[in-house]
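With PDB, C-alpha atoms and all ligand atoms inside, this is protein09.pdb:
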```
MODEL        1
ATOM      1  CA  MET A   1       0.000   0.000   0.000  1.00  0.00           C
ATOM      2  CA  ARG A   2       1.260   3.484  -0.893  1.00  0.00           C
ATOM      3  CA  ALA A   3       2.203   5.871   1.928  1.00  0.00           C
ATOM      4  CA  GLU A   4      -0.188   8.385   0.396  1.00  0.00           C
ATOM      5  CA  ALA A   5      -3.031   5.886   0.687  1.00  0.00           C
ATOM      6  CA  ILE A   6      -2.222   5.325   4.358  1.00  0.00           C
ATOM      7  CA  SER A   7      -2.297   9.078   5.015  1.00  0.00           C
ATOM      8  CA  ARG A   8      -5.630   9.387   3.246  1.00  0.00           C
ATOM      9  CA  VAL A   9      -7.114   6.548   5.247  1.00  0.00           C
ATOM     10  CA  LYS A  10      -5.817   7.965   8.546  1.00  0.00           C
ATOM     11  CA  LEU A  11      -7.467  11.273   7.803  1.00  0.00           C
ATOM     12  CA  VAL A  12     -10.801   9.687   6.943  1.00  0.00           C
ATOM     13  CA  PHE A  13     -10.699   7.593  10.079  1.00  0.00           C
ATOM     14  CA  SER A  14     -10.173  10.698  12.208  1.00  0.00           C
ATOM     15  CA  LEU A  15     -13.090  12.449  10.480  1.00  0.00           C
ATOM     16  CA  LEU A  16     -15.427   9.472  10.687  1.00  0.00           C
ATOM     17  CA  ASP A  17     -14.761   9.252  14.421  1.00  0.00           C
ATOM     18  CA  VAL A  18     -16.998  12.278  14.875  1.00  0.00           C
ATOM     19  CA  ASN A  19     -17.312  11.980  18.655  1.00  0.00           C
ATOM     20  CA  GLY A  20     -13.548  11.498  18.944  1.00  0.00           C
ATOM     21  CA  ASN A  21     -13.503   8.386  21.130  1.00  0.00           C
ATOM     22  CA  GLY A  22     -11.023   6.540  18.904  1.00  0.00           C
ATOM     23  CA  ARG A  23     -13.544   4.159  17.387  1.00  0.00           C
ATOM     24  CA  ILE A  24     -16.002   4.425  14.523  1.00  0.00           C
ATOM     25  CA  GLU A  25     -19.477   3.469  15.636  1.00  0.00           C
ATOM     26  CA  ALA A  26     -23.097   3.831  14.523  1.00  0.00           C
ATOM     27  CA  GLU A  27     -23.372   7.064  16.509  1.00  0.00           C
ATOM     28  CA  ASP A  28     -20.517   8.658  14.540  1.00  0.00           C
ATOM     29  CA  PHE A  29     -22.362   8.005  11.284  1.00  0.00           C
ATOM     30  CA  GLU A  30     -25.564   9.502  12.699  1.00  0.00           C
ATOM     31  CA  LEU A  31     -23.687  12.655  13.702  1.00  0.00           C
ATOM     32  CA  MET A  32     -21.978  12.880  10.320  1.00  0.00           C
ATOM     33  CA  ALA A  33     -25.245  12.319   8.435  1.00  0.00           C
ATOM     34  CA  GLN A  34     -26.886  15.139  10.435  1.00  0.00           C
ATOM     35  CA  ARG A  35     -24.074  17.561   9.676  1.00  0.00           C
ATOM     36  CA  VAL A  36     -24.115  16.777   5.967  1.00  0.00           C
ATOM     37  CA  ALA A  37     -27.929  17.066   5.860  1.00  0.00           C
ATOM     38  CA  GLU A  38     -27.702  20.512   7.459  1.00  0.00           C
ATOM     39  CA  ALA A  39     -25.129  21.615   4.876  1.00  0.00           C
ATOM     40  CA  ALA A  40     -27.482  20.427   2.120  1.00  0.00           C
ATOM     41  CA  HIS A  41     -30.726  21.671   3.671  1.00  0.00           C
ATOM     42  CA  ASP A  42     -31.957  23.064   0.325  1.00  0.00           C
ATOM     43  CA  SER A  43     -31.434  19.818  -1.604  1.00  0.00           C
ATOM     44  CA  ALA A  44     -34.423  17.819  -2.796  1.00  0.00           C
ATOM     45  CA  GLU A  45     -35.773  15.164  -0.437  1.00  0.00           C
ATOM     46  CA  PRO A  46     -34.834  12.200  -2.671  1.00  0.00           C
ATOM     47  CA  ALA A  47     -31.190  13.337  -2.760  1.00  0.00           C
ATOM     48  CA  LYS A  48     -31.177  13.815   1.007  1.00  0.00           C
ATOM     49  CA  SER A  49     -32.717  10.459   1.732  1.00  0.00           C
ATOM     50  CA  ALA A  50     -30.305   8.796  -0.718  1.00  0.00           C
ATOM     51  CA  MET A  51     -27.450  10.332   1.275  1.00  0.00           C
ATOM     52  CA  ASN A  52     -28.896   9.066   4.541  1.00  0.00           C
ATOM     53  CA  ASP A  53     -29.241   5.595   3.060  1.00  0.00           C
ATOM     54  CA  ALA A  54     -25.644   5.764   1.821  1.00  0.00           C
ATOM     55  CA  PHE A  55     -24.381   6.670   5.280  1.00  0.00           C
ATOM     56  CA  ARG A  56     -26.380   3.805   6.783  1.00  0.00           C
ATOM     57  CA  ARG A  57     -25.063   1.326   4.221  1.00  0.00           C
ATOM     58  CA  TYR A  58     -21.543   2.635   4.725  1.00  0.00           C
ATOM     59  CA  TRP A  59     -21.711   1.920   8.448  1.00  0.00           C
ATOM     60  CA  ALA A  60     -23.429  -1.443   7.918  1.00  0.00           C
ATOM     61  CA  THR A  61     -20.633  -2.492   5.556  1.00  0.00           C
ATOM     62  CA  LEU A  62     -17.821  -1.239   7.788  1.00  0.00           C
ATOM     63  CA  SER A  63     -19.279  -2.923  10.809  1.00  0.00           C
ATOM     64  CA  ALA A  64     -19.927  -6.217   9.007  1.00  0.00           C
ATOM     65  CA  GLU A  65     -16.544  -6.311   7.254  1.00  0.00           C
ATOM     66  CA  LEU A  66     -14.164  -4.661   9.705  1.00  0.00           C
ATOM     67  CA  ASP A  67     -15.366  -5.078  13.265  1.00  0.00           C
ATOM     68  CA  ALA A  68     -13.165  -8.136  13.682  1.00  0.00           C
ATOM     69  CA  ASP A  69     -13.623  -8.460  17.438  1.00  0.00           C
ATOM     70  CA  ARG A  70     -17.369  -7.728  17.207  1.00  0.00           C
ATOM     71  CA  ASP A  71     -17.372  -5.098  19.931  1.00  0.00           C
ATOM     72  CA  GLY A  72     -19.678  -2.757  18.009  1.00  0.00           C
ATOM     73  CA  GLY A  73     -16.945  -0.361  16.936  1.00  0.00           C
ATOM     74  CA  VAL A  74     -14.182  -0.201  14.362  1.00  0.00           C
ATOM     75  CA  ASP A  75     -10.843   0.914  15.752  1.00  0.00           C
ATOM     76  CA  PHE A  76      -7.973   2.128  13.583  1.00  0.00           C
ATOM     77  CA  ASP A  77      -6.288  -1.250  13.278  1.00  0.00           C
ATOM     78  CA  GLU A  78      -9.534  -2.808  12.176  1.00  0.00           C
ATOM     79  CA  TYR A  79     -10.179   0.084   9.809  1.00  0.00           C
ATOM     80  CA  THR A  80      -6.923  -0.263   7.891  1.00  0.00           C
ATOM     81  CA  ALA A  81      -8.185  -3.581   6.526  1.00  0.00           C
ATOM     82  CA  CYS A  82     -10.445  -1.558   4.200  1.00  0.00           C
ATOM     83  CA  VAL A  83      -7.458  -0.438   2.150  1.00  0.00           C
ATOM     84  CA  LEU A  84      -5.921  -3.896   2.139  1.00  0.00           C
ATOM     85  CA  SER A  85      -8.956  -5.364   0.432  1.00  0.00           C
ATOM     86  CA  PRO A  86     -10.641  -2.481  -1.352  1.00  0.00           C
ATOM     87  CA  GLU A  87     -12.725  -4.787  -3.541  1.00  0.00           C
ATOM     88  CA  ARG A  88     -14.912  -5.543  -0.517  1.00  0.00           C
ATOM     89  CA  PHE A  89     -15.852  -1.873  -0.304  1.00  0.00           C
ATOM     90  CA  ASP A  90     -16.149  -0.908  -3.970  1.00  0.00           C
ATOM     91  CA  GLU A  91     -19.911  -0.934  -4.080  1.00  0.00           C
ATOM     92  CA  THR A  92     -20.305   0.930  -0.795  1.00  0.00           C
ATOM     93  CA  VAL A  93     -17.781   3.617  -1.675  1.00  0.00           C
ATOM     94  CA  THR A  94     -19.321   4.043  -5.113  1.00  0.00           C
ATOM     95  CA  GLY A  95     -22.808   4.413  -3.633  1.00  0.00           C
ATOM     96  CA  PHE A  96     -21.527   6.873  -1.048  1.00  0.00           C
ATOM     97  CA  ALA A  97     -19.600   8.876  -3.646  1.00  0.00           C
ATOM     98  CA  GLU A  98     -22.576   9.125  -5.956  1.00  0.00           C
ATOM     99  CA  ALA A  99     -24.971  10.127  -3.175  1.00  0.00           C
ATOM    100  CA  LEU A 100     -22.603  12.801  -1.875  1.00  0.00           C
ATOM    101  CA  ALA A 101     -21.843  14.196  -5.318  1.00  0.00           C
ATOM    102  CA  ALA A 102     -25.572  14.301  -6.157  1.00  0.00           C
ATOM    103  CA  LEU A 103     -26.219  16.357  -3.010  1.00  0.00           C
ATOM    104  CA  GLY A 104     -23.729  18.855  -4.374  1.00  0.00           C
ATOM    105  CA  ASP A 105     -25.888  19.416  -7.448  1.00  0.00           C
ATOM    106  CA  PRO A 106     -29.296  20.551  -6.168  1.00  0.00           C
ATOM    107  CA  ASP A 107     -30.343  22.051  -9.524  1.00  0.00           C
ATOM    108  CA  GLY A 108     -29.457  18.842 -11.368  1.00  0.00           C
ATOM    109  CA  ASP A 109     -27.325  20.388 -14.108  1.00  0.00           C
ATOM    110  CA  GLY A 110     -24.523  17.885 -13.526  1.00  0.00           C
ATOM    111  CA  LEU A 111     -22.190  20.532 -12.087  1.00  0.00           C
ATOM    112  CA  VAL A 112     -21.108  21.399  -8.551  1.00  0.00           C
ATOM    113  CA  GLU A 113     -20.275  24.947  -7.504  1.00  0.00           C
ATOM    114  CA  ARG A 114     -17.310  25.643  -5.271  1.00  0.00           C
ATOM    115  CA  ASP A 115     -19.375  26.988  -2.355  1.00  0.00           C
ATOM    116  CA  ARG A 116     -21.629  23.974  -2.384  1.00  0.00           C
ATOM    117  CA  PHE A 117     -18.672  21.615  -2.582  1.00  0.00           C
ATOM    118  CA  ALA A 118     -16.957  23.408   0.301  1.00  0.00           C
ATOM    119  CA  ALA A 119     -20.072  23.364   2.495  1.00  0.00           C
ATOM    120  CA  LEU A 120     -20.450  19.594   2.140  1.00  0.00           C
ATOM    121  CA  MET A 121     -16.764  18.867   2.593  1.00  0.00           C
ATOM    122  CA  GLU A 122     -16.569  21.128   5.643  1.00  0.00           C
ATOM    123  CA  ALA A 123     -19.583  19.274   7.077  1.00  0.00           C
ATOM    124  CA  ILE A 124     -17.591  16.061   6.735  1.00  0.00           C
ATOM    125  CA  GLY A 125     -14.734  17.773   8.543  1.00  0.00           C
ATOM    126  CA  PHE A 126     -12.092  18.647   5.954  1.00  0.00           C
ATOM    127  CA  GLU A 127     -10.192  21.955   6.212  1.00  0.00           C
ATOM    128  CA  ARG A 128     -11.297  24.762   3.903  1.00  0.00           C
ATOM    129  CA  ALA A 129      -7.805  25.399   2.471  1.00  0.00           C
ATOM    130  CA  ASN A 130      -7.471  21.705   1.581  1.00  0.00           C
ATOM    131  CA  ILE A 131     -10.965  21.678   0.104  1.00  0.00           C
ATOM    132  CA  ASP A 132     -10.109  24.597  -2.183  1.00  0.00           C
ATOM    133  CA  ALA A 133      -6.858  22.914  -3.233  1.00  0.00           C
ATOM    134  CA  LEU A 134      -8.821  19.772  -4.087  1.00  0.00           C
ATOM    135  CA  PHE A 135     -11.451  21.708  -6.024  1.00  0.00           C
ATOM    136  CA  ASP A 136      -8.707  23.476  -7.993  1.00  0.00           C
ATOM    137  CA  ALA A 137      -7.050  20.127  -8.730  1.00  0.00           C
ATOM    138  CA  PHE A 138     -10.340  18.902 -10.213  1.00  0.00           C
ATOM    139  CA  GLY A 139      -9.913  21.630 -12.866  1.00  0.00           C
ATOM    140  CA  PRO A 140     -13.043  23.777 -12.402  1.00  0.00           C
ATOM    141  CA  SER A 141     -14.632  25.561 -15.353  1.00  0.00           C
ATOM    142  CA  ASP A 142     -14.462  29.333 -15.866  1.00  0.00           C
ATOM    143  CA  ALA A 143     -17.715  29.529 -13.877  1.00  0.00           C
ATOM    144  CA  ASP A 144     -15.901  27.707 -11.013  1.00  0.00           C
ATOM    145  CA  ARG A 145     -17.829  24.459 -11.290  1.00  0.00           C
ATOM    146  CA  ILE A 146     -16.800  20.830 -11.586  1.00  0.00           C
ATOM    147  CA  PRO A 147     -18.769  17.921 -13.060  1.00  0.00           C
ATOM    148  CA  VAL A 148     -20.547  15.716 -10.521  1.00  0.00           C
ATOM    149  CA  VAL A 149     -18.821  12.671 -12.027  1.00  0.00           C
ATOM    150  CA  THR A 150     -15.382  14.202 -11.452  1.00  0.00           C
ATOM    151  CA  TRP A 151     -16.120  14.448  -7.758  1.00  0.00           C
ATOM    152  CA  ALA A 152     -17.577  10.939  -7.556  1.00  0.00           C
ATOM    153  CA  ASP A 153     -14.512   9.521  -9.351  1.00  0.00           C
ATOM    154  CA  GLY A 154     -12.234  11.525  -7.030  1.00  0.00           C
ATOM    155  CA  ILE A 155     -13.857   9.958  -3.980  1.00  0.00           C
ATOM    156  CA  LYS A 156     -13.361   6.466  -5.387  1.00  0.00           C
ATOM    157  CA  ASP A 157      -9.699   7.227  -6.184  1.00  0.00           C
ATOM    158  CA  TYR A 158      -9.234   8.519  -2.648  1.00  0.00           C
ATOM    159  CA  TYR A 159      -9.752   5.002  -1.299  1.00  0.00           C
ATOM    160  CA  ALA A 160      -7.530   3.306  -3.858  1.00  0.00           C
ATOM    161  CA  PRO A 161      -4.530   1.716  -2.102  1.00  0.00           C
ATOM    162  CA  ASP A 162      -2.177   2.004  -5.088  1.00  0.00           C
ATOM    163  CA  LYS A 163      -2.775   5.627  -6.104  1.00  0.00           C
ATOM    164  CA  ALA A 164      -0.576   8.635  -5.354  1.00  0.00           C
ATOM    165  CA  GLY A 165      -0.377  12.143  -6.748  1.00  0.00           C
ATOM    166  CA  ILE A 166      -4.167  12.281  -7.106  1.00  0.00           C
ATOM    167  CA  PRO A 167      -6.394  15.306  -6.360  1.00  0.00           C
ATOM    168  CA  GLY A 168      -7.538  13.691  -3.094  1.00  0.00           C
ATOM    169  CA  ASP A 169      -4.011  13.947  -1.709  1.00  0.00           C
ATOM    170  CA  HIS A 170      -4.691  17.682  -1.334  1.00  0.00           C
ATOM    171  CA  LEU A 171      -7.036  16.853   1.529  1.00  0.00           C
ATOM    172  CA  VAL A 172      -4.192  15.434   3.590  1.00  0.00           C
ATOM    173  CA  GLY A 173      -1.944  17.718   5.591  1.00  0.00           C
ATOM    174  CA  ASP A 174      -0.816  21.198   4.668  1.00  0.00           C
ATOM    175  CA  ALA A 175      -2.686  22.554   1.648  1.00  0.00           C
ATOM    176  CA  ALA A 176       0.245  24.826   0.834  1.00  0.00           C
ATOM    177  CA  ALA A 177       2.588  21.858   0.391  1.00  0.00           C
TER     178      ALA A 177
HETATM  179 CA    CA B   1     -16.429   7.353  17.688  1.00  0.00          CA
HETATM  180 CA    CA B   2     -14.036  -3.638  16.888  1.00  0.00          CA
ENDMDL
END
```

This structure in structure tokens:
Amino acid sequence: MRAEAISRVKLVFSLLDVNGNGRIEAEDFELMAQRVAEAAHDSAEPAKSAMNDAFRRYWATLSAELDADRDGGVDFDEYTACVLSPERFDETVTGFAEALAALGDPDGDGLVERDRFAALMEAIGFERANIDALFDAFGPSDADRIPVVTWADGIKDYYAPDKAGIPGDHLVGDAAA
């Protein structure tokens, strides 16, 4: 596994542990889903409920696949298994990526504006400077928009164990680097 992939996974683990107790649990996903729903309060109901379903499936998959000691939580050691066998999570990550990207496009034109992108990514917990660096790396149009599919593909790449030098690396660490 690439060092970059490990850094990306560490960051996501720290964000998914919303209540900061060192383990990912059902409660963390509920908190995260609430924050994202608030950031997307003006989205259509179907897009919002699709996002909620995606969060629920995400947790169900993590808990079924990674909670090796069956204590109801996924600690960091357990979590790293997701990058060692990414094929077990393909479908879940794809569903999550598509639901999140769709939330970013409330008017359904297939494009996501920077402010909308930033609001959702900040709700997940990423830093604004890193979010802007990521958005720039996606190559926004003159109107400062990116295609929904570019974002969804970026999320899938983020979890790929063998990728480095991808836009998602901008989310890790110092955005100025
Ligand atoms: Ca937690
Ligand atoms: Ca566990």

Which residues, written as a CSV table (one decimal) with C-alpha atoms, in the coordinates of the input, have at least one atom at most 6 Å from segment 30-41 of chain A, with only C-alpha atoms counted and residues fewer than 3 positions away on the same chain left out?
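Listing of selection.csv after writing:
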```csv
chain,number,residue,atom,x,y,z
A,27,GLU,CA,-23.4,7.1,16.5
A,119,ALA,CA,-20.1,23.4,2.5
A,120,LEU,CA,-20.4,19.6,2.1
A,123,ALA,CA,-19.6,19.3,7.1
```

Result set, the PyMOL selection byres (((chain A and resi 148-164) around 6) and not hetatm) on current file, as a PyMOL selection string: chain A and resi 1-2+4-5+83+97-98+101+110-111+147+165-166+168

With C-alpha atoms retained, export the selected residues as a PDB file, in the coordinates of the input.
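Output file result_12.pdb follows:
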```
ATOM      1  CA  MET A   1       0.000   0.000   0.000  1.00  0.00           C
ATOM      2  CA  ARG A   2       1.260   3.484  -0.893  1.00  0.00           C
ATOM      3  CA  GLU A   4      -0.188   8.385   0.396  1.00  0.00           C
ATOM      4  CA  ALA A   5      -3.031   5.886   0.687  1.00  0.00           C
ATOM      5  CA  VAL A  83      -7.458  -0.438   2.150  1.00  0.00           C
ATOM      6  CA  ALA A  97     -19.600   8.876  -3.646  1.00  0.00           C
ATOM      7  CA  GLU A  98     -22.576   9.125  -5.956  1.00  0.00           C
ATOM      8  CA  ALA A 101     -21.843  14.196  -5.318  1.00  0.00           C
ATOM      9  CA  GLY A 110     -24.523  17.885 -13.526  1.00  0.00           C
ATOM     10  CA  LEU A 111     -22.190  20.532 -12.087  1.00  0.00           C
ATOM     11  CA  PRO A 147     -18.769  17.921 -13.060  1.00  0.00           C
ATOM     12  CA  GLY A 165      -0.377  12.143  -6.748  1.00  0.00           C
ATOM     13  CA  ILE A 166      -4.167  12.281  -7.106  1.00  0.00           C
ATOM     14  CA  GLY A 168      -7.538  13.691  -3.094  1.00  0.00           C
TER      15      GLY A 168
END
```

Surroundings of ligand CA 2 (chain B) up to 8 Å, based on only C-alpha atoms and all ligand atoms, as a list in words: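 If we count only C-alpha atoms and all ligand atoms, the neighbours of ligand CA 2 (chain B) turn out to be Arg23, Leu66, Asp67, Ala68, Asp69, Arg70, Asp71, Gly72, Gly73, Val74, Asp75 and Glu78 of chain A.
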
Any chance you can output those residues with C-alpha atoms as a PDB file, keeping the file's coordinate frame?
```pdb
ATOM      1  CA  ARG A  23     -13.544   4.159  17.387  1.00  0.00           C
ATOM      2  CA  LEU A  66     -14.164  -4.661   9.705  1.00  0.00           C
ATOM      3  CA  ASP A  67     -15.366  -5.078  13.265  1.00  0.00           C
ATOM      4  CA  ALA A  68     -13.165  -8.136  13.682  1.00  0.00           C
ATOM      5  CA  ASP A  69     -13.623  -8.460  17.438  1.00  0.00           C
ATOM      6  CA  ARG A  70     -17.369  -7.728  17.207  1.00  0.00           C
ATOM      7  CA  ASP A  71     -17.372  -5.098  19.931  1.00  0.00           C
ATOM      8  CA  GLY A  72     -19.678  -2.757  18.009  1.00  0.00           C
ATOM      9  CA  GLY A  73     -16.945  -0.361  16.936  1.00  0.00           C
ATOM     10  CA  VAL A  74     -14.182  -0.201  14.362  1.00  0.00           C
ATOM     11  CA  ASP A  75     -10.843   0.914  15.752  1.00  0.00           C
ATOM     12  CA  GLU A  78      -9.534  -2.808  12.176  1.00  0.00           C
TER      13      GLU A  78
END
```

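The list of residues within 12 Å of (-32.1, 12.6, 1.0), counted using only C-alpha atoms, is Ala33, Gln34, Val36, Ala37, Glu38, Ala40, His41, Asp42, Ser43, Ala44, Glu45, Pro46, Ala47, Lys48, Ser49, Ala50, Met51, Asn52, Asp53, Ala54, Phe55, Arg56, Ala99, Leu100, Ala102, Leu103, Gly104 and Pro106 of chain A.
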
I'd like a table as CSV: residues in chain A with an atom no more than 8 Å from ligand CA 1 (chain B), each row giving the shortest atom pair and its distance in Å to one decimal, all atoms listed in the file counted, sorted by chain and rising residue number.
```
residue,atom,partner,partner_atom,distance
A:Leu16,CA,B:CA1,CA,7.4
A:Asp17,CA,B:CA1,CA,4.1
A:Val18,CA,B:CA1,CA,5.7
A:Asn19,CA,B:CA1,CA,4.8
A:Gly20,CA,B:CA1,CA,5.2
A:Asn21,CA,B:CA1,CA,4.6
A:Gly22,CA,B:CA1,CA,5.6
A:Arg23,CA,B:CA1,CA,4.3
A:Ile24,CA,B:CA1,CA,4.3
A:Glu25,CA,B:CA1,CA,5.3
A:Glu27,CA,B:CA1,CA,7.0
A:Asp28,CA,B:CA1,CA,5.3
A:Gly73,CA,B:CA1,CA,7.8
```

Residues in the PyMOL selection byres (((chain A and resi 129-146) around 6) and not hetatm), expressed as a PyMOL selection string: chain A and resi 111-113+127-128+147+167+170-171+175

Please write the residues from the selection above to a file, keeping C-alpha atoms, as a PDB file, keeping the file's coordinate frame.
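As a result, result25.pdb now contains:
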```pdb
ATOM      1  CA  LEU A 111     -22.190  20.532 -12.087  1.00  0.00           C
ATOM      2  CA  VAL A 112     -21.108  21.399  -8.551  1.00  0.00           C
ATOM      3  CA  GLU A 113     -20.275  24.947  -7.504  1.00  0.00           C
ATOM      4  CA  GLU A 127     -10.192  21.955   6.212  1.00  0.00           C
ATOM      5  CA  ARG A 128     -11.297  24.762   3.903  1.00  0.00           C
ATOM      6  CA  PRO A 147     -18.769  17.921 -13.060  1.00  0.00           C
ATOM      7  CA  PRO A 167      -6.394  15.306  -6.360  1.00  0.00           C
ATOM      8  CA  HIS A 170      -4.691  17.682  -1.334  1.00  0.00           C
ATOM      9  CA  LEU A 171      -7.036  16.853   1.529  1.00  0.00           C
ATOM     10  CA  ALA A 175      -2.686  22.554   1.648  1.00  0.00           C
TER      11      ALA A 175
END
```

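Between atom CA of Thr80 of chain A and atom CA of Ala64 of chain A the interatomic distance comes to 14.3 Å.
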
Resolved residues for the PyMOL selection byres (((chain A and resi 11-13) around 8) and not hetatm) as number ranges by chain: A: 7-10, 14-17, 24, 76, 79, 172

Between atom CA of Glu65 of chain A and atom CA of Gly173 of chain A, distance in Å (one decimal): 28.2 Å

Atom CA of Ala118 of chain A to atom CA of Asp169 of chain A, distance in Å rounded to a single decimal: 16.2 Å

For segment 165-170 of chain A, take all atoms listed in the file, fit an axis-aligned box around them, add 5 Å to each of the six sides, then output centre and edge lengths in Å rounded to one decimal, as lines of an AutoDock Vina configuration file.
```
center_x = -4.0
center_y = 14.9
center_z = -4.2
size_x = 17.2
size_y = 15.5
size_z = 15.8
```

Sphere at (-17.1, -3.6, -1.2), radius 10 Å, counting only C-alpha atoms: residues as a list in words: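 All residues meeting the 10 Å criterion around (-17.1, -3.6, -1.2) are Tyr58, Thr61, Leu62, Glu65, Cys82, Ser85, Pro86, Glu87, Arg88, Phe89, Asp90, Glu91, Thr92, Val93 and Thr94 of chain A.
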
Output the selection as a short mmCIF file (atom, residue, chain, number, x, y, z; two decimals), keeping the file's coordinate frame - C-alpha atoms for each residue.
```
data_model
loop_
_atom_site.label_atom_id
_atom_site.label_comp_id
_atom_site.auth_asym_id
_atom_site.auth_seq_id
_atom_site.Cartn_x
_atom_site.Cartn_y
_atom_site.Cartn_z
CA TYR A 58 -21.54 2.64 4.72
CA THR A 61 -20.63 -2.49 5.56
CA LEU A 62 -17.82 -1.24 7.79
CA GLU A 65 -16.54 -6.31 7.25
CA CYS A 82 -10.44 -1.56 4.20
CA SER A 85 -8.96 -5.36 0.43
CA PRO A 86 -10.64 -2.48 -1.35
CA GLU A 87 -12.72 -4.79 -3.54
CA ARG A 88 -14.91 -5.54 -0.52
CA PHE A 89 -15.85 -1.87 -0.30
CA ASP A 90 -16.15 -0.91 -3.97
CA GLU A 91 -19.91 -0.93 -4.08
CA THR A 92 -20.30 0.93 -0.80
CA VAL A 93 -17.78 3.62 -1.68
CA THR A 94 -19.32 4.04 -5.11
#
```

Could you add the missing atoms to segment 42-60 of chain A, up to N, CA and C atoms, and return them as a CSV table (one decimal), keeping the file's coordinate frame?
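What ended up in rebuild28.csv:
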```
chain,number,residue,atom,x,y,z
A,42,ASP,N,-31.1,22.7,1.4
A,42,ASP,CA,-32.0,23.1,0.3
A,42,ASP,C,-32.0,22.0,-0.8
A,43,SER,N,-31.4,20.9,-0.6
A,43,SER,CA,-31.4,19.8,-1.6
A,43,SER,C,-32.8,19.2,-1.6
A,44,ALA,N,-33.1,18.5,-2.7
A,44,ALA,CA,-34.4,17.8,-2.8
A,44,ALA,C,-34.4,16.6,-1.9
A,45,GLU,N,-35.6,16.3,-1.4
A,45,GLU,CA,-35.8,15.2,-0.4
A,45,GLU,C,-35.2,13.8,-0.9
A,46,PRO,N,-35.4,13.5,-2.2
A,46,PRO,CA,-34.8,12.2,-2.7
A,46,PRO,C,-33.3,12.2,-2.6
A,47,ALA,N,-32.7,13.3,-2.9
A,47,ALA,CA,-31.2,13.3,-2.8
A,47,ALA,C,-30.8,13.2,-1.3
A,48,LYS,N,-31.5,13.9,-0.4
A,48,LYS,CA,-31.2,13.8,1.0
A,48,LYS,C,-31.4,12.4,1.6
A,49,SER,N,-32.5,11.8,1.2
A,49,SER,CA,-32.7,10.5,1.7
A,49,SER,C,-31.8,9.4,1.1
A,50,ALA,N,-31.3,9.7,-0.1
A,50,ALA,CA,-30.3,8.8,-0.7
A,50,ALA,C,-29.0,8.9,0.1
A,51,MET,N,-28.7,10.1,0.5
A,51,MET,CA,-27.4,10.3,1.3
A,51,MET,C,-27.5,9.6,2.6
A,52,ASN,N,-28.7,9.8,3.3
A,52,ASN,CA,-28.9,9.1,4.5
A,52,ASN,C,-28.7,7.6,4.4
A,53,ASP,N,-29.4,7.0,3.3
A,53,ASP,CA,-29.2,5.6,3.1
A,53,ASP,C,-27.8,5.2,2.8
A,54,ALA,N,-27.0,6.1,2.1
A,54,ALA,CA,-25.6,5.8,1.8
A,54,ALA,C,-24.8,5.7,3.1
A,55,PHE,N,-25.1,6.7,4.0
A,55,PHE,CA,-24.4,6.7,5.3
A,55,PHE,C,-24.7,5.4,6.1
A,56,ARG,N,-26.0,5.0,6.0
A,56,ARG,CA,-26.4,3.8,6.8
A,56,ARG,C,-25.7,2.6,6.2
A,57,ARG,N,-25.7,2.5,4.9
A,57,ARG,CA,-25.1,1.3,4.2
A,57,ARG,C,-23.6,1.3,4.5
A,58,TYR,N,-23.0,2.5,4.5
A,58,TYR,CA,-21.5,2.6,4.7
A,58,TYR,C,-21.2,2.0,6.1
A,59,TRP,N,-22.0,2.4,7.1
A,59,TRP,CA,-21.7,1.9,8.4
A,59,TRP,C,-22.0,0.4,8.5
A,60,ALA,N,-23.1,0.0,7.9
A,60,ALA,CA,-23.4,-1.4,7.9
A,60,ALA,C,-22.3,-2.3,7.3
```
